[in-house]
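Novice: My questions will all concern the structure given below.
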Amino acid sequence: MQDPNHPHSPAESMPDEPATTASSPSENADESLSDRTASNDSPAVTKDEETLPQPANAKPLIEVIDLEVTFSETPILSGINRTIQRGQTVAIIGESGCGKTVFMKTLVALLQPTRGQVKFDGQDLNQLPPKELAQIRRRFGFVFQHAALFDSMNIFDNVAFPIRQNEANTTESEVSDRVQQHLHEVGLTDDIASKFPAEISGGMQKRVGLARALVLKPELIVYDEPTTGLDPIMSDVINELILHTRRLYPVTSVVVTHDMHTARKVADRVMMFYPRRMLQADESQILFDGPPSQLEHADDRRVRQFVRGEAGDRLRELNMASA
Ligand SMILES: Nc1ncnc2c1ncn2[C@@H]1O[C@H](COP(=O)(O)OP(=O)(O)OP(=O)(O)O)[C@@H](O)[C@H]1O
């Protein structure tokens, strides 16, 4: 069912790929390489050290009100009401196809909801004229699953790209300083700057993607499956970098992930989505919303099954209950 105020389907109303300067489809699909030396570059930071104090009456950075996203009459998300406070790191988990990415895209206005509102810093993203929306998008940083680097540019130019696109008055010397600073922050050394994405490992590419996302000092960073395709050690380096980033900047983070280790380690709040089609009409689509330490003790059996990686109810669906 579509809202008459939004006559187009979500897929038609907004480009389904990032429209920001920090994005480009990458031809680099190779995430198989690792860079184990990097683990020494990334100081371990615990979440408890990093929790940002919130005034009792602090206004949330993000407000999601009665959100619904429907594709071809099929509701993917509905009845979602949530707020995200400044400085929070929220992991979005849930089985494949439950709508995690769709939710993340609506948060950053890459996708227009069928109904409902997404407010960023009090502004309804879907009511903003294109120019103001473009300005707000500069306050977002995106870290994509496959890093999404420009293959034809070297690493320096990849990281410099958002600055050159958005800050015409910045001198090349300032650009150089900032690129160097952000590469160092993600544990990369200067000699990488002249290399091309194809010449570095998948783990390094993800770190370059993070450096590029940080270069405009975003208030919100969205990470789309940041550890997918990486070995366990490199995955943990990325987790440490997410924590490290929060120590350096008062950034709010939304991390879409299948990796329970990532969710437990980086998030101070986890939301678990469930496929709309498998719920009763009056059931909340977010089965769990709380600290990661409580996941194992969730009242809802489906949450406990998910975090333990048990097929559970799915076996019954497949008539494999006795398998
Ligand atoms: N642009 C689109 N047009 C039509 N259907 C879409 C579109 N984007 C997503 N969907 C559908 O919405 C559902 C949720 O997709 P989404 O990508 O959010 O899942 P997910 O939870 O992120 O899954 P995964 O963990 O596998 O990435 C899927 O059934 C998908 O096919």
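Each chain in the structure tokens gets a letter, A, B and so on, in the order shown; residues start at 1 in every chain, and ligands are counted from 1 in the order they appear.
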Give me, as a PDB file with N, CA and C atoms, in the first residue's frame, all polymer residues having an atom no more than 8 Å from segment 175-188 of chain A, counting only C-alpha atoms and skipping those fewer than 5 positions away in the same chain.

Specialist:
ATOM      1  N   ALA A  38      48.422  -4.857   9.971  1.00  0.00           N
ATOM      2  CA  ALA A  38      47.646  -3.686  10.369  1.00  0.00           C
ATOM      3  C   ALA A  38      47.180  -3.763  11.808  1.00  0.00           C
ATOM      4  N   ASP A  41      48.615  -1.481  14.216  1.00  0.00           N
ATOM      5  CA  ASP A  41      48.442  -0.039  14.057  1.00  0.00           C
ATOM      6  C   ASP A  41      47.194   0.479  14.757  1.00  0.00           C
ATOM      7  N   SER A  42      46.343  -0.429  15.149  1.00  0.00           N
ATOM      8  CA  SER A  42      45.037   0.011  15.602  1.00  0.00           C
ATOM      9  C   SER A  42      44.891  -0.204  17.091  1.00  0.00           C
ATOM     10  N   PHE A 156      45.569   8.249  -2.811  1.00  0.00           N
ATOM     11  CA  PHE A 156      45.539   9.660  -2.402  1.00  0.00           C
ATOM     12  C   PHE A 156      44.320  10.355  -3.005  1.00  0.00           C
ATOM     13  N   VAL A 159      40.923   9.418  -1.516  1.00  0.00           N
ATOM     14  CA  VAL A 159      40.605  10.023  -0.216  1.00  0.00           C
ATOM     15  C   VAL A 159      40.404  11.537  -0.365  1.00  0.00           C
ATOM     16  N   ALA A 160      41.136  12.124  -1.303  1.00  0.00           N
ATOM     17  CA  ALA A 160      41.011  13.568  -1.525  1.00  0.00           C
ATOM     18  C   ALA A 160      39.707  13.939  -2.229  1.00  0.00           C
ATOM     19  N   ILE A 163      36.923  15.990  -0.554  1.00  0.00           N
ATOM     20  CA  ILE A 163      37.343  17.361  -0.210  1.00  0.00           C
ATOM     21  C   ILE A 163      37.309  18.222  -1.473  1.00  0.00           C
ATOM     22  N   ARG A 164      37.893  17.695  -2.531  1.00  0.00           N
ATOM     23  CA  ARG A 164      37.948  18.484  -3.773  1.00  0.00           C
ATOM     24  C   ARG A 164      36.545  18.753  -4.322  1.00  0.00           C
ATOM     25  N   THR A 170      39.635  24.765  -0.514  1.00  0.00           N
ATOM     26  CA  THR A 170      40.737  24.105   0.203  1.00  0.00           C
ATOM     27  C   THR A 170      41.963  24.009  -0.708  1.00  0.00           C
ATOM     28  N   MET A 204      42.910  -3.521   3.235  1.00  0.00           N
ATOM     29  CA  MET A 204      43.426  -2.152   3.087  1.00  0.00           C
ATOM     30  C   MET A 204      42.410  -1.279   2.354  1.00  0.00           C
ATOM     31  N   ARG A 207      39.943   0.004   4.679  1.00  0.00           N
ATOM     32  CA  ARG A 207      40.474   1.080   5.526  1.00  0.00           C
ATOM     33  C   ARG A 207      40.561   2.396   4.756  1.00  0.00           C
ATOM     34  N   VAL A 208      40.906   2.293   3.474  1.00  0.00           N
ATOM     35  CA  VAL A 208      40.909   3.498   2.640  1.00  0.00           C
ATOM     36  C   VAL A 208      39.469   4.036   2.532  1.00  0.00           C
ATOM     37  N   LEU A 210      37.198   3.791   4.732  1.00  0.00           N
ATOM     38  CA  LEU A 210      36.883   4.450   5.999  1.00  0.00           C
ATOM     39  C   LEU A 210      37.557   5.827   6.055  1.00  0.00           C
ATOM     40  N   ALA A 211      38.817   5.899   5.617  1.00  0.00           N
ATOM     41  CA  ALA A 211      39.516   7.194   5.601  1.00  0.00           C
ATOM     42  C   ALA A 211      38.741   8.187   4.735  1.00  0.00           C
ATOM     43  N   ARG A 212      38.283   7.725   3.588  1.00  0.00           N
ATOM     44  CA  ARG A 212      37.534   8.618   2.694  1.00  0.00           C
ATOM     45  C   ARG A 212      36.206   9.040   3.332  1.00  0.00           C
ATOM     46  N   LEU A 214      35.685   9.522   6.379  1.00  0.00           N
ATOM     47  CA  LEU A 214      35.922  10.415   7.522  1.00  0.00           C
ATOM     48  C   LEU A 214      36.407  11.794   7.121  1.00  0.00           C
ATOM     49  N   VAL A 215      36.811  11.940   5.871  1.00  0.00           N
ATOM     50  CA  VAL A 215      37.589  13.120   5.503  1.00  0.00           C
ATOM     51  C   VAL A 215      36.776  14.423   5.583  1.00  0.00           C
ATOM     52  N   LEU A 241      38.990  -0.362  14.321  1.00  0.00           N
ATOM     53  CA  LEU A 241      38.993   0.958  13.677  1.00  0.00           C
ATOM     54  C   LEU A 241      37.657   1.674  13.868  1.00  0.00           C
TER      55      LEU A 241
END

Novice: Ligand 1: which residues are within 6 Å, counting only C-alpha atoms and all ligand atoms, as an MDAnalysis selection string?

Specialist: chainID A and resid 11 71 76 95:102

Novice: DSSP on the backbone, strand (DSSP E or B) only: what residues of segment 45-184 of chain A does that give? Format it as a PyMOL selection string.

Specialist: chain A and resi 62-71+74-84+89-93+115-120+123-124+140-143

Novice: Rank A:Thr262, A:Gln85, A:Thr228, A:Gln112 by their smallest atom-to-atom distance to Val69 of chain A, using only C-alpha atoms, and report the top residue only.

Specialist: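 Answer, going by the shortest atom-to-atom distance: A:Gln112.
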
Novice: For the alpha helix (DSSP H) assignment from backbone DSSP, which residues of segment 122-241 of chain A qualify? Please present them as number ranges by chain.

Specialist: A: 130-137, 155-166, 172-185, 202-214, 232-241
